[in-house]
$ cat query-v9.txt   # compact mmCIF, C-alpha atoms
# COMPACT_ATOMS: atom_id res chain seq x y z
CA MET X 1219 0.03 -28.77 -17.05
CA SER X 1220 0.28 -28.93 -13.24
CA VAL X 1221 -2.82 -29.38 -11.12
CA LEU X 1222 -3.46 -27.52 -7.85
CA PRO X 1223 -4.76 -29.07 -4.57
CA SER X 1224 -8.30 -27.91 -5.50
CA GLY X 1225 -8.09 -29.93 -8.71
CA LEU X 1226 -7.97 -26.79 -10.87
CA PRO X 1227 -5.19 -26.34 -13.42
CA GLU X 1228 -2.45 -23.90 -12.42
CA LEU X 1229 -2.97 -21.84 -15.56
CA VAL X 1230 -6.15 -19.74 -15.44
CA ALA X 1231 -7.94 -20.07 -18.77
CA ASP X 1232 -9.44 -17.02 -20.49
CA ASP X 1233 -13.00 -18.30 -20.21
CA GLU X 1234 -12.79 -19.14 -16.49
CA PRO X 1235 -15.33 -17.36 -14.30
CA LEU X 1236 -13.91 -15.36 -11.40
CA ALA X 1237 -15.60 -14.00 -8.28
CA ARG X 1238 -14.67 -11.13 -5.97
CA PHE X 1239 -16.66 -11.34 -2.74
CA LEU X 1240 -18.44 -8.19 -1.48
CA THR X 1241 -19.14 -7.56 2.21
CA GLN X 1242 -20.49 -3.97 2.14
CA SER X 1243 -23.61 -2.65 0.43
CA SER X 1244 -21.58 0.48 -0.44
CA GLN X 1245 -19.44 -1.66 -2.79
CA TYR X 1246 -22.26 -1.70 -5.36
CA GLY X 1247 -25.11 0.52 -6.50
CA ALA X 1248 -27.76 0.68 -9.21
CA GLY X 1249 -27.15 -2.94 -10.17
CA ARG X 1250 -23.45 -2.33 -10.76
CA VAL X 1251 -20.23 -3.19 -9.00
CA LYS X 1252 -18.38 -0.03 -8.01
CA PRO X 1253 -14.76 0.17 -9.18
CA ALA X 1254 -13.54 0.64 -5.60
CA ALA X 1255 -14.48 -3.00 -4.89
CA LEU X 1256 -11.88 -4.19 -7.40
CA LEU X 1257 -8.92 -2.03 -6.38
CA PRO X 1258 -5.75 -3.88 -5.36
CA HIS X 1259 -4.62 -4.42 -1.78
CA PRO X 1260 -2.59 -1.31 -0.83
CA ILE X 1261 0.48 -3.28 0.27
CA TYR X 1262 0.44 -6.51 -1.73
CA ARG X 1263 -0.66 -4.75 -4.94
CA ASN X 1264 -3.02 -7.54 -5.99
CA THR X 1265 -6.76 -8.19 -6.01
CA SER X 1266 -7.90 -11.50 -4.52
CA VAL X 1267 -10.45 -13.48 -6.54
CA PHE X 1268 -11.81 -17.01 -6.55
CA ARG X 1269 -12.08 -19.31 -9.53
CA VAL X 1270 -15.73 -20.23 -9.14
CA SER X 1271 -18.88 -19.93 -11.24
CA ASP X 1272 -21.73 -17.55 -10.42
CA ASP X 1273 -23.92 -20.25 -8.81
CA ARG X 1274 -25.10 -18.69 -5.54
CA ASN X 1275 -24.93 -21.93 -3.56
CA LEU X 1276 -21.37 -22.55 -4.71
CA LEU X 1277 -20.42 -18.98 -3.82
CA LYS X 1278 -21.98 -19.21 -0.36
CA GLY X 1279 -20.36 -22.58 0.28
CA LEU X 1280 -16.91 -21.33 -0.68
CA TRP X 1281 -17.35 -18.16 1.41
CA SER X 1282 -18.33 -20.24 4.45
CA ALA X 1283 -15.27 -22.44 3.96
CA ILE X 1284 -12.75 -19.61 3.77
CA ASN X 1285 -14.26 -16.97 6.08
CA ASP X 1286 -14.14 -16.75 9.85
CA GLY X 1287 -17.84 -15.90 10.08
CA GLU X 1288 -17.29 -12.30 11.18
CA ARG X 1289 -18.44 -10.84 7.87
CA ARG X 1290 -21.56 -11.64 5.89
CA LEU X 1291 -21.34 -12.22 2.16
CA ILE X 1292 -23.83 -9.89 0.49
CA GLY X 1293 -22.74 -9.93 -3.13
CA VAL X 1294 -20.20 -10.95 -5.71
CA ALA X 1295 -18.50 -9.19 -8.59
CA ALA X 1296 -18.38 -11.77 -11.40
CA PHE X 1297 -16.14 -11.52 -14.44
CA THR X 1298 -13.83 -13.71 -16.52
CA ALA X 1299 -10.09 -14.11 -16.80
CA ALA X 1300 -10.31 -12.60 -20.28
CA ASP X 1301 -11.85 -9.44 -18.79
CA VAL X 1302 -8.86 -9.15 -16.45
CA ARG X 1303 -6.34 -9.62 -19.24
CA GLU X 1304 -8.10 -7.10 -21.49
CA CYS X 1305 -7.43 -4.53 -18.76
CA GLY X 1306 -3.70 -5.25 -19.06
CA LEU X 1307 -3.60 -7.27 -15.82
CA GLU X 1308 -2.49 -10.83 -15.15
CA LEU X 1309 -3.80 -13.77 -13.14
CA ARG X 1310 -1.83 -16.10 -10.92
CA ALA X 1311 -3.31 -19.09 -9.13
CA ASP X 1312 -2.48 -18.86 -5.42
CA GLU X 1313 -3.69 -21.76 -3.25
CA PRO X 1314 -4.49 -22.16 -0.40
CA PRO X 1315 -7.25 -21.19 0.13
CA PRO X 1316 -8.78 -23.48 -2.50
CA LYS X 1317 -9.63 -21.94 -5.87
CA HIS X 1318 -7.89 -18.68 -4.92
CA ALA X 1319 -6.06 -16.52 -7.46
CA ASN X 1320 -4.56 -13.05 -7.52
CA VAL X 1321 -5.09 -10.35 -10.11
CA GLU X 1322 -1.62 -8.90 -10.55
CA GLY X 1323 0.27 -6.49 -12.76
CA TRP X 1324 -1.21 -3.27 -11.37
CA PRO X 1325 1.20 -0.55 -12.53
CA MET X 1326 3.98 0.47 -10.12
CA ARG X 1327 4.69 4.18 -9.65
CA ASP X 1328 6.72 6.03 -7.05
CA ASP X 1329 4.06 8.67 -6.43
CA PRO X 1330 1.29 7.01 -4.36
CA GLU X 1331 -1.47 9.30 -5.62
CA ALA X 1332 -0.43 8.83 -9.27
CA ARG X 1333 -0.41 5.08 -8.65
CA LYS X 1334 -3.86 5.29 -7.10
CA ALA X 1335 -5.21 7.31 -10.03
CA SER X 1336 -3.91 4.72 -12.48
CA ASP X 1337 -5.41 1.90 -10.37
CA LYS X 1338 -8.78 3.69 -10.37
CA GLU X 1339 -8.90 3.88 -14.16
CA ILE X 1340 -8.10 0.17 -14.52
CA ALA X 1341 -10.59 -0.78 -11.80
CA ALA X 1342 -13.27 1.27 -13.60
CA ARG X 1343 -12.58 -0.65 -16.82
CA LEU X 1344 -12.81 -3.99 -15.02
CA ALA X 1345 -15.96 -2.94 -13.13
CA ALA X 1346 -17.56 -2.03 -16.47
CA GLU X 1347 -17.27 -5.69 -17.46
CA ALA X 1348 -18.28 -7.16 -14.09
CA ARG X 1349 -21.74 -8.51 -13.26
CA LEU X 1350 -23.21 -7.98 -9.83
CA ILE X 1351 -24.66 -11.05 -8.12
CA LEU X 1352 -26.53 -10.31 -4.92
CA ILE X 1353 -26.51 -13.00 -2.23
CA PRO X 1354 -29.76 -13.04 -0.24
CA MET P 1009 -30.28 38.76 16.68
CA SER P 1010 -29.09 37.29 13.40
CA LEU P 1011 -26.47 34.55 13.27
CA ALA P 1012 -23.99 36.98 11.71
CA ALA P 1013 -24.60 39.58 14.44
CA LEU P 1014 -24.34 36.94 17.16
CA ARG P 1015 -21.07 35.68 15.70
CA ALA P 1016 -19.65 39.21 15.49
CA SER P 1017 -20.67 39.83 19.08
CA ALA P 1018 -19.11 36.59 20.22
CA ARG P 1019 -15.81 37.49 18.58
CA LYS P 1020 -15.57 41.16 19.57
CA THR P 1021 -16.31 41.12 23.28
CA THR P 1022 -13.51 40.00 25.62
CA TYR P 1023 -13.73 39.44 29.39
CA SER P 1024 -11.37 36.67 30.48
CA ASP P 1025 -9.45 33.68 29.18
CA GLU P 1026 -12.25 31.34 30.16
CA GLY P 1027 -14.82 33.58 28.53
CA GLU P 1028 -12.63 33.82 25.45
CA HIS P 1029 -12.59 30.04 25.10
CA LEU P 1030 -16.36 29.92 25.47
CA ARG P 1031 -16.90 32.69 22.94
CA GLU P 1032 -14.61 30.93 20.46
CA ALA P 1033 -16.54 27.70 20.96
CA VAL P 1034 -19.82 29.53 20.36
CA ALA P 1035 -18.39 31.19 17.24
CA GLN P 1036 -17.29 27.79 15.94
CA LEU P 1037 -20.72 26.34 16.61
CA ILE P 1038 -22.35 29.19 14.74
CA ASP P 1039 -19.95 28.76 11.83
CA LEU P 1040 -20.77 25.07 11.72
CA ASN P 1041 -24.47 25.86 11.83
CA GLU P 1042 -24.17 28.35 8.99
CA ARG P 1043 -22.27 25.87 6.85
CA SER P 1044 -24.85 23.16 7.45
CA PHE P 1045 -27.63 25.58 6.45
CA SER P 1046 -25.79 26.60 3.28
CA ILE P 1047 -25.63 23.11 1.79
CA SER P 1048 -28.59 21.31 0.35
CA GLY P 1049 -30.53 18.45 1.85
CA ALA P 1050 -29.16 16.19 -0.88
CA GLN P 1051 -25.61 17.16 0.07
CA ASN P 1052 -26.39 16.36 3.69
CA THR P 1053 -27.71 12.96 2.58
CA VAL P 1054 -24.43 12.19 0.81
CA ILE P 1055 -22.45 13.35 3.84
CA ALA P 1056 -24.55 11.01 5.98
CA SER P 1057 -23.68 8.16 3.58
CA ILE P 1058 -19.99 9.04 3.85
CA ARG P 1059 -20.18 8.93 7.66
CA GLU P 1060 -22.04 5.61 7.54
CA ILE P 1061 -19.32 4.10 5.31
CA ALA P 1062 -16.61 5.44 7.62
CA SER P 1063 -18.40 3.81 10.55
CA ASN P 1064 -19.05 0.48 8.80
CA CYS P 1065 -15.46 0.29 7.53
CA SER P 1066 -13.71 1.63 10.64
CA PHE P 1067 -11.90 -1.66 11.39
CA ARG P 1068 -9.07 -3.45 9.61
CA ASP P 1069 -10.11 -6.14 7.11
CA TRP P 1070 -13.65 -4.81 6.67
CA ASP P 1071 -13.73 -6.39 3.19
CA GLY P 1072 -12.34 -9.80 4.16
CA TYR P 1073 -9.26 -9.14 2.03
CA GLY P 1074 -7.19 -7.08 4.49
CA ALA P 1075 -8.44 -3.55 3.74
CA ALA P 1076 -7.27 -0.63 5.88
CA PRO P 1077 -9.88 1.17 8.02
CA ILE P 1078 -11.31 4.38 6.56
CA SER P 1079 -9.14 7.20 7.87
CA ALA P 1080 -10.29 10.35 9.66
CA ARG P 1081 -8.47 12.39 7.01
CA ALA P 1082 -10.36 10.65 4.20
CA LEU P 1083 -13.66 11.32 5.97
CA LYS P 1084 -12.83 15.02 6.42
CA THR P 1085 -11.70 15.44 2.80
CA ALA P 1086 -14.71 13.61 1.37
CA GLU P 1087 -17.09 15.81 3.37
CA ALA P 1088 -15.23 18.95 2.29
CA LEU P 1089 -15.52 17.91 -1.35
CA ILE P 1090 -19.29 17.48 -1.01
CA ARG P 1091 -19.58 20.87 0.73
CA ALA P 1092 -17.58 22.49 -2.11
CA LEU P 1093 -20.12 21.40 -4.72
CA PRO P 1094 -22.67 24.09 -5.61
CA SER P 1095 -26.31 23.45 -4.87
CA GLY P 1096 -27.94 21.67 -7.78
CA PHE P 1097 -24.73 20.07 -9.00
CA PRO P 1098 -25.09 16.28 -9.44
CA LEU P 1099 -23.96 14.41 -6.36
CA PRO P 1100 -21.81 11.30 -6.33
CA GLU P 1101 -22.26 7.80 -5.02
CA VAL P 1102 -19.71 6.92 -2.36
CA ALA P 1103 -17.70 3.77 -1.75
CA PRO P 1104 -14.96 2.58 0.60
CA GLU P 1105 -11.53 1.82 -0.86
CA PRO P 1106 -9.11 -0.85 0.43
CA ASP P 1107 -6.41 1.70 1.32
CA GLY P 1108 -8.73 3.55 3.72
CA ALA P 1109 -9.80 6.21 1.22
CA ILE P 1110 -13.34 7.12 0.19
CA SER P 1111 -14.33 7.11 -3.47
CA LEU P 1112 -16.80 9.66 -4.85
CA ASP P 1113 -18.27 8.34 -8.11
CA TRP P 1114 -20.32 10.18 -10.73
CA THR P 1115 -21.72 7.41 -12.93
CA GLN P 1116 -23.79 7.95 -16.06
CA SER P 1117 -23.46 4.36 -17.28
CA ARG P 1118 -21.05 1.42 -16.98
CA ARG P 1119 -18.59 3.04 -19.36
CA ARG P 1120 -19.18 6.69 -18.60
CA SER P 1121 -18.06 7.69 -15.14
CA PHE P 1122 -15.80 9.99 -13.14
CA SER P 1123 -14.29 9.00 -9.80
CA VAL P 1124 -12.31 10.94 -7.18
CA SER P 1125 -10.54 9.48 -4.15
CA ALA P 1126 -10.43 11.32 -0.83
CA GLY P 1127 -7.43 9.81 0.90
CA GLN P 1128 -4.61 10.53 3.33
CA THR P 1129 -3.29 13.74 1.76
CA ASP P 1130 -4.59 16.91 0.11
CA ARG P 1131 -3.82 15.40 -3.31
CA LEU P 1132 -6.83 13.83 -5.01
CA ALA P 1133 -6.42 10.84 -7.32
CA PHE P 1134 -9.09 10.77 -10.01
CA ALA P 1135 -9.97 8.73 -13.07
CA TRP P 1136 -12.64 8.70 -15.73
CA LEU P 1137 -14.10 6.43 -18.39
CA ASP P 1138 -15.88 7.69 -21.49
CA GLY P 1139 -16.67 4.75 -23.74
CA THR P 1140 -13.35 3.22 -24.74
CA ASP P 1141 -11.57 6.45 -23.81
CA GLY P 1142 -10.34 7.06 -20.30
CA GLY P 1143 -7.70 8.73 -18.21
CA HIS P 1144 -6.51 9.62 -14.75
CA GLY P 1145 -4.65 12.32 -12.84
CA VAL P 1146 -3.89 13.97 -9.51
CA GLU P 1147 -4.93 17.43 -8.27
CA ARG P 1148 -4.38 19.28 -5.02
CA PHE P 1149 -7.49 20.19 -2.97
CA ASP P 1150 -7.41 23.27 -0.70
CA GLY P 1151 -10.45 22.08 1.27
CA VAL P 1152 -12.68 24.80 -0.15
CA SER P 1153 -12.69 24.83 -3.96
CA ILE P 1154 -12.99 21.87 -6.33
CA PRO P 1155 -9.84 21.69 -8.52
CA ARG P 1156 -10.65 22.95 -12.02
CA ARG P 1157 -9.64 19.76 -13.86
CA ILE P 1158 -11.85 17.69 -11.61
CA ALA P 1159 -14.83 20.05 -11.89
CA GLU P 1160 -14.53 20.10 -15.68
CA GLY P 1161 -14.15 16.33 -15.78
CA ILE P 1162 -17.26 15.75 -13.71
CA SER P 1163 -19.22 18.30 -15.77
CA SER P 1164 -18.26 16.67 -19.06
CA ILE P 1165 -19.27 13.22 -17.82
CA VAL P 1166 -22.58 14.18 -16.25
CA ASN P 1167 -23.38 16.92 -18.80
CA VAL P 1168 -24.21 19.74 -16.44
CA GLY P 1169 -24.11 23.44 -16.98
CA ALA P 1170 -23.90 24.44 -13.33
CA SER P 1171 -20.86 26.53 -12.51
CA VAL P 1172 -18.59 25.12 -9.86
CA ARG P 1173 -16.36 27.12 -7.52
CA THR P 1174 -12.92 25.98 -8.69
CA SER P 1175 -9.33 26.61 -7.72

$ encode --input "query-v9.txt" --output "structure tokens"
Amino acid sequence: MSVLPSGLPELVADDEPLARFLTQSSQYGAGRVKPAALLPHPIYRNTSVFRVSDDRNLLKGLWSAINDGERRLIGVAAFTAADVRECGLELRADEPPPKHANVEGWPMRDDPEARKASDKEIAARLAAEARLILIP
Amino acid sequence: MSLAALRASARKTTYSDEGEHLREAVAQLIDLNERSFSISGAQNTVIASIREIASNCSFRDWDGYGAAPISARALKTAEALIRALPSGFPLPEVAPEPDGAISLDWTQSRRRSFSVSAGQTDRLAFAWLDGTDGGHGVERFDGVSIPRRIAEGISSIVNVGASVRTS
């Protein structure tokens, strides 16, 4: 199995923890991650995540390393690779930045609103499995 | 003079082009005032949240992952959807979406929710979860009445009996 520059294996294992960084308080509510925070990028059709555990210091350290300092990290949506795959999506390691991966396989449709509706259902399923970690 | 009488007066009397413009502006202001009085305080609170999100996410890459800024069209549609809800109907949480849309979410629990996106067109993408069941669809919004499928979907998720003005 090939190893990435970060030292992580290229293949993302089912039990690997994943983190999606949150920069807006409106991305969560009532102790839950809102599905909108997990929707794919509108052009690239993937959702960026990082292969890192839910330790707050680790999360803050990684955020500082990859971010330009313009945005403050206020929370993280934490889930596992198995959660992603159970939603019918795939994971592909994509470094640099270190420990970065993309959630891929969001359905393709010609009608943009139909595509968005489908994305929203999948994001809701993934958000139902996600844990919210607030970063003080 | 009542607002209705003032509005009628503003629209009926004509003097000059300049006066006509002024009267139309006054009529529009009165219309706006009437609409703001006809929605509840809770609806106004949600509209304020929508405007705050639009302001906070008005620049590209607001999420650190390359999101598009919230569009003026999304803001207008989201506000219209809130105004179309009858008083007493449960109100949604709101969230920014990476394509510049605004999500309106009615959430009973992690696995019981209904979500509508106000985006760049008059077509609304929506999705729901109900336990392991779920689905999604698209409906056109005329800016005044909540599409029937969406109103029924919200009602079934949040278990309300309030009647909604639907199209």

$ residues_around --input "query-v9.txt" --residues "P:Ala1133" --least-positions-apart "2" --cutoff "10 Å" --atoms "only C-alpha atoms" --output "NGL selection string"
(:X and (1330-1338)) or (:P and (1111 or 1123-1127 or 1130-1131 or 1135 or 1144-1148 or 1158))

$ write_last_selection --input "query-v9.txt" --atoms "C-alpha atoms" --output "PDB file, in the coordinates of the input"
ATOM      1  CA  PRO X1330       1.290   7.010  -4.360  1.00  0.00           C
ATOM      2  CA  GLU X1331      -1.470   9.300  -5.620  1.00  0.00           C
ATOM      3  CA  ALA X1332      -0.430   8.830  -9.270  1.00  0.00           C
ATOM      4  CA  ARG X1333      -0.410   5.080  -8.650  1.00  0.00           C
ATOM      5  CA  LYS X1334      -3.860   5.290  -7.100  1.00  0.00           C
ATOM      6  CA  ALA X1335      -5.210   7.310 -10.030  1.00  0.00           C
ATOM      7  CA  SER X1336      -3.910   4.720 -12.480  1.00  0.00           C
ATOM      8  CA  ASP X1337      -5.410   1.900 -10.370  1.00  0.00           C
ATOM      9  CA  LYS X1338      -8.780   3.690 -10.370  1.00  0.00           C
TER      10      LYS X1338
ATOM     11  CA  SER P1111     -14.330   7.110  -3.470  1.00  0.00           C
ATOM     12  CA  SER P1123     -14.290   9.000  -9.800  1.00  0.00           C
ATOM     13  CA  VAL P1124     -12.310  10.940  -7.180  1.00  0.00           C
ATOM     14  CA  SER P1125     -10.540   9.480  -4.150  1.00  0.00           C
ATOM     15  CA  ALA P1126     -10.430  11.320  -0.830  1.00  0.00           C
ATOM     16  CA  GLY P1127      -7.430   9.810   0.900  1.00  0.00           C
ATOM     17  CA  ASP P1130      -4.590  16.910   0.110  1.00  0.00           C
ATOM     18  CA  ARG P1131      -3.820  15.400  -3.310  1.00  0.00           C
ATOM     19  CA  ALA P1135      -9.970   8.730 -13.070  1.00  0.00           C
ATOM     20  CA  HIS P1144      -6.510   9.620 -14.750  1.00  0.00           C
ATOM     21  CA  GLY P1145      -4.650  12.320 -12.840  1.00  0.00           C
ATOM     22  CA  VAL P1146      -3.890  13.970  -9.510  1.00  0.00           C
ATOM     23  CA  GLU P1147      -4.930  17.430  -8.270  1.00  0.00           C
ATOM     24  CA  ARG P1148      -4.380  19.280  -5.020  1.00  0.00           C
ATOM     25  CA  ILE P1158     -11.850  17.690 -11.610  1.00  0.00           C
TER      26      ILE P1158
END

$ atom_distance --input "query-v9.txt" --atom1 "atom CA of P:Ile1110" --atom2 "atom CA of P:Ser1153"
18.2 Å

$ closest_atom_pairs --input "query-v9.txt" --of "chain X" --to "chain P" --cutoff "10 Å" --atoms "all atoms listed in the file" --output "JSON lines"
{"residue": "X:Arg1238", "atom": "CA", "partner": "P:Tyr1073", "partner_atom": "CA", "distance": 9.9}
{"residue": "X:Phe1239", "atom": "CA", "partner": "P:Asp1071", "partner_atom": "CA", "distance": 8.3}
{"residue": "X:Leu1240", "atom": "CA", "partner": "P:Asp1071", "partner_atom": "CA", "distance": 6.9}
{"residue": "X:Thr1241", "atom": "CA", "partner": "P:Asp1071", "partner_atom": "CA", "distance": 5.6}
{"residue": "X:Gln1242", "atom": "CA", "partner": "P:Asp1071", "partner_atom": "CA", "distance": 7.3}
{"residue": "X:Ser1243", "atom": "CA", "partner": "P:Ala1103", "partner_atom": "CA", "distance": 9.0}
{"residue": "X:Ser1244", "atom": "CA", "partner": "P:Ala1103", "partner_atom": "CA", "distance": 5.3}
{"residue": "X:Gln1245", "atom": "CA", "partner": "P:Ala1103", "partner_atom": "CA", "distance": 5.8}
{"residue": "X:Tyr1246", "atom": "CA", "partner": "P:Ala1103", "partner_atom": "CA", "distance": 8.0}
{"residue": "X:Gly1247", "atom": "CA", "partner": "P:Glu1101", "partner_atom": "CA", "distance": 8.0}
{"residue": "X:Ala1248", "atom": "CA", "partner": "P:Thr1115", "partner_atom": "CA", "distance": 9.8}
{"residue": "X:Arg1250", "atom": "CA", "partner": "P:Arg1118", "partner_atom": "CA", "distance": 7.6}
{"residue": "X:Val1251", "atom": "CA", "partner": "P:Arg1118", "partner_atom": "CA", "distance": 9.3}
{"residue": "X:Lys1252", "atom": "CA", "partner": "P:Ala1103", "partner_atom": "CA", "distance": 7.4}
{"residue": "X:Pro1253", "atom": "CA", "partner": "P:Ala1103", "partner_atom": "CA", "distance": 8.8}
{"residue": "X:Ala1254", "atom": "CA", "partner": "P:Glu1105", "partner_atom": "CA", "distance": 5.3}
{"residue": "X:Ala1255", "atom": "CA", "partner": "P:Glu1105", "partner_atom": "CA", "distance": 6.9}
{"residue": "X:Leu1256", "atom": "CA", "partner": "P:Glu1105", "partner_atom": "CA", "distance": 8.9}
{"residue": "X:Leu1257", "atom": "CA", "partner": "P:Pro1106", "partner_atom": "CA", "distance": 6.9}
{"residue": "X:Pro1258", "atom": "CA", "partner": "P:Pro1106", "partner_atom": "CA", "distance": 7.3}
{"residue": "X:His1259", "atom": "CA", "partner": "P:Pro1106", "partner_atom": "CA", "distance": 6.1}
{"residue": "X:Pro1260", "atom": "CA", "partner": "P:Asp1107", "partner_atom": "CA", "distance": 5.3}
{"residue": "X:Ile1261", "atom": "CA", "partner": "P:Asp1107", "partner_atom": "CA", "distance": 8.6}
{"residue": "X:Tyr1262", "atom": "CA", "partner": "P:Gly1074", "partner_atom": "CA", "distance": 9.9}
{"residue": "X:Thr1265", "atom": "CA", "partner": "P:Tyr1073", "partner_atom": "CA", "distance": 8.5}
{"residue": "X:Ser1266", "atom": "CA", "partner": "P:Tyr1073", "partner_atom": "CA", "distance": 7.1}
{"residue": "X:Val1267", "atom": "CA", "partner": "P:Tyr1073", "partner_atom": "CA", "distance": 9.7}
{"residue": "X:Ile1284", "atom": "CA", "partner": "P:Gly1072", "partner_atom": "CA", "distance": 9.8}
{"residue": "X:Asn1285", "atom": "CA", "partner": "P:Gly1072", "partner_atom": "CA", "distance": 7.7}
{"residue": "X:Asp1286", "atom": "CA", "partner": "P:Gly1072", "partner_atom": "CA", "distance": 9.2}
{"residue": "X:Glu1288", "atom": "CA", "partner": "P:Gly1072", "partner_atom": "CA", "distance": 8.9}
{"residue": "X:Arg1289", "atom": "CA", "partner": "P:Gly1072", "partner_atom": "CA", "distance": 7.2}
{"residue": "X:Arg1290", "atom": "CA", "partner": "P:Gly1072", "partner_atom": "CA", "distance": 9.6}
{"residue": "X:Leu1291", "atom": "CA", "partner": "P:Gly1072", "partner_atom": "CA", "distance": 9.5}
{"residue": "X:Pro1330", "atom": "CA", "partner": "P:Ala1133", "partner_atom": "CA", "distance": 9.1}
{"residue": "X:Glu1331", "atom": "CA", "partner": "P:Ala1133", "partner_atom": "CA", "distance": 5.5}
{"residue": "X:Ala1332", "atom": "CA", "partner": "P:Val1146", "partner_atom": "CA", "distance": 6.2}
{"residue": "X:Arg1333", "atom": "CA", "partner": "P:Ala1133", "partner_atom": "CA", "distance": 8.4}
{"residue": "X:Lys1334", "atom": "CA", "partner": "P:Ala1133", "partner_atom": "CA", "distance": 6.1}
{"residue": "X:Ala1335", "atom": "CA", "partner": "P:Ala1133", "partner_atom": "CA", "distance": 4.6}
{"residue": "X:Ser1336", "atom": "CA", "partner": "P:His1144", "partner_atom": "CA", "distance": 6.0}
{"residue": "X:Asp1337", "atom": "CA", "partner": "P:Ala1135", "partner_atom": "CA", "distance": 8.6}
{"residue": "X:Lys1338", "atom": "CA", "partner": "P:Ala1135", "partner_atom": "CA", "distance": 5.8}
{"residue": "X:Glu1339", "atom": "CA", "partner": "P:Ala1135", "partner_atom": "CA", "distance": 5.1}
{"residue": "X:Ile1340", "atom": "CA", "partner": "P:Ala1135", "partner_atom": "CA", "distance": 8.9}
{"residue": "X:Ala1341", "atom": "CA", "partner": "P:Ala1135", "partner_atom": "CA", "distance": 9.6}
{"residue": "X:Ala1342", "atom": "CA", "partner": "P:Leu1137", "partner_atom": "CA", "distance": 7.1}
{"residue": "X:Arg1343", "atom": "CA", "partner": "P:Leu1137", "partner_atom": "CA", "distance": 7.4}
{"residue": "X:Ala1345", "atom": "CA", "partner": "P:Arg1118", "partner_atom": "CA", "distance": 7.7}
{"residue": "X:Ala1346", "atom": "CA", "partner": "P:Arg1118", "partner_atom": "CA", "distance": 4.9}
{"residue": "X:Glu1347", "atom": "CA", "partner": "P:Arg1118", "partner_atom": "CA", "distance": 8.1}
{"residue": "X:Ala1348", "atom": "CA", "partner": "P:Arg1118", "partner_atom": "CA", "distance": 9.5}

$ atom_distance --input "query-v9.txt" --atom1 "atom CA of X:Ala1296" --atom2 "atom CA of P:Pro1100"
23.9 Å

$ atom_distance --input "query-v9.txt" --atom1 "atom CA of X:Gly1225" --atom2 "atom CA of X:Ala1299"
17.9 Å

$ closest_residue --input "query-v9.txt" --among "P:Ile1047, P:Ala1080, P:Leu1089, P:Ala1062" --to "P:Phe1149" --atoms "all atoms listed in the file"
P:Leu1089

$ residues_around --input "query-v9.txt" --residues "X:Pro1235" --least-positions-apart "4" --cutoff "12 Å" --atoms "all atoms listed in the file" --output "ChimeraX atom specification"
/X:1230-1231,1267-1273,1277,1294-1302,1317,1319,1348-1349

$ closest_residue --input "query-v9.txt" --among "P:Ser1079, P:Gln1051, P:Ser1095, P:Gln1116" --to "P:Ser1063" --atoms "all atoms listed in the file"
P:Ser1079

$ decode --input "query-v9.txt" --residues "stretch 1299-1334 of chain X" --atoms "C-alpha atoms" --output "CSV table (one decimal), in the first residue's frame"
chain,number,residue,atom,x,y,z
X,1299,ALA,CA,-15.0,7.0,6.4
X,1300,ALA,CA,-17.6,4.3,7.0
X,1301,ASP,CA,-20.3,7.0,7.5
X,1302,VAL,CA,-19.4,8.5,4.1
X,1303,ARG,CA,-19.5,5.2,2.3
X,1304,GLU,CA,-22.8,4.3,3.9
X,1305,CYS,CA,-24.2,7.4,2.2
X,1306,GLY,CA,-23.1,5.9,-1.2
X,1307,LEU,CA,-20.2,8.3,-1.5
X,1308,GLU,CA,-16.4,7.6,-1.9
X,1309,LEU,CA,-13.2,8.9,-0.4
X,1310,ARG,CA,-10.0,9.8,-2.2
X,1311,ALA,CA,-6.9,11.0,-0.5
X,1312,ASP,CA,-5.7,14.3,-2.0
X,1313,GLU,CA,-2.5,15.7,-0.6
X,1314,PRO,CA,-1.3,18.4,-0.3
X,1315,PRO,CA,-2.4,19.9,2.0
X,1316,PRO,CA,-1.4,17.2,4.5
X,1317,LYS,CA,-4.0,14.7,5.6
X,1318,HIS,CA,-6.5,16.1,3.0
X,1319,ALA,CA,-9.1,14.0,1.3
X,1320,ASN,CA,-12.1,14.5,-0.9
X,1321,VAL,CA,-15.6,13.1,-0.5
X,1322,GLU,CA,-16.6,12.2,-4.0
X,1323,GLY,CA,-19.3,10.4,-5.9
X,1324,TRP,CA,-22.1,13.0,-5.5
X,1325,PRO,CA,-24.6,12.1,-8.2
X,1326,MET,CA,-24.4,13.9,-11.5
X,1327,ARG,CA,-27.6,15.2,-13.1
X,1328,ASP,CA,-28.1,17.7,-15.9
X,1329,ASP,CA,-30.8,19.7,-14.1
X,1330,PRO,CA,-28.9,21.8,-11.5
X,1331,GLU,CA,-31.9,22.0,-9.1
X,1332,ALA,CA,-32.5,18.2,-9.3
X,1333,ARG,CA,-28.8,17.7,-8.6
X,1334,LYS,CA,-29.0,20.1,-5.6
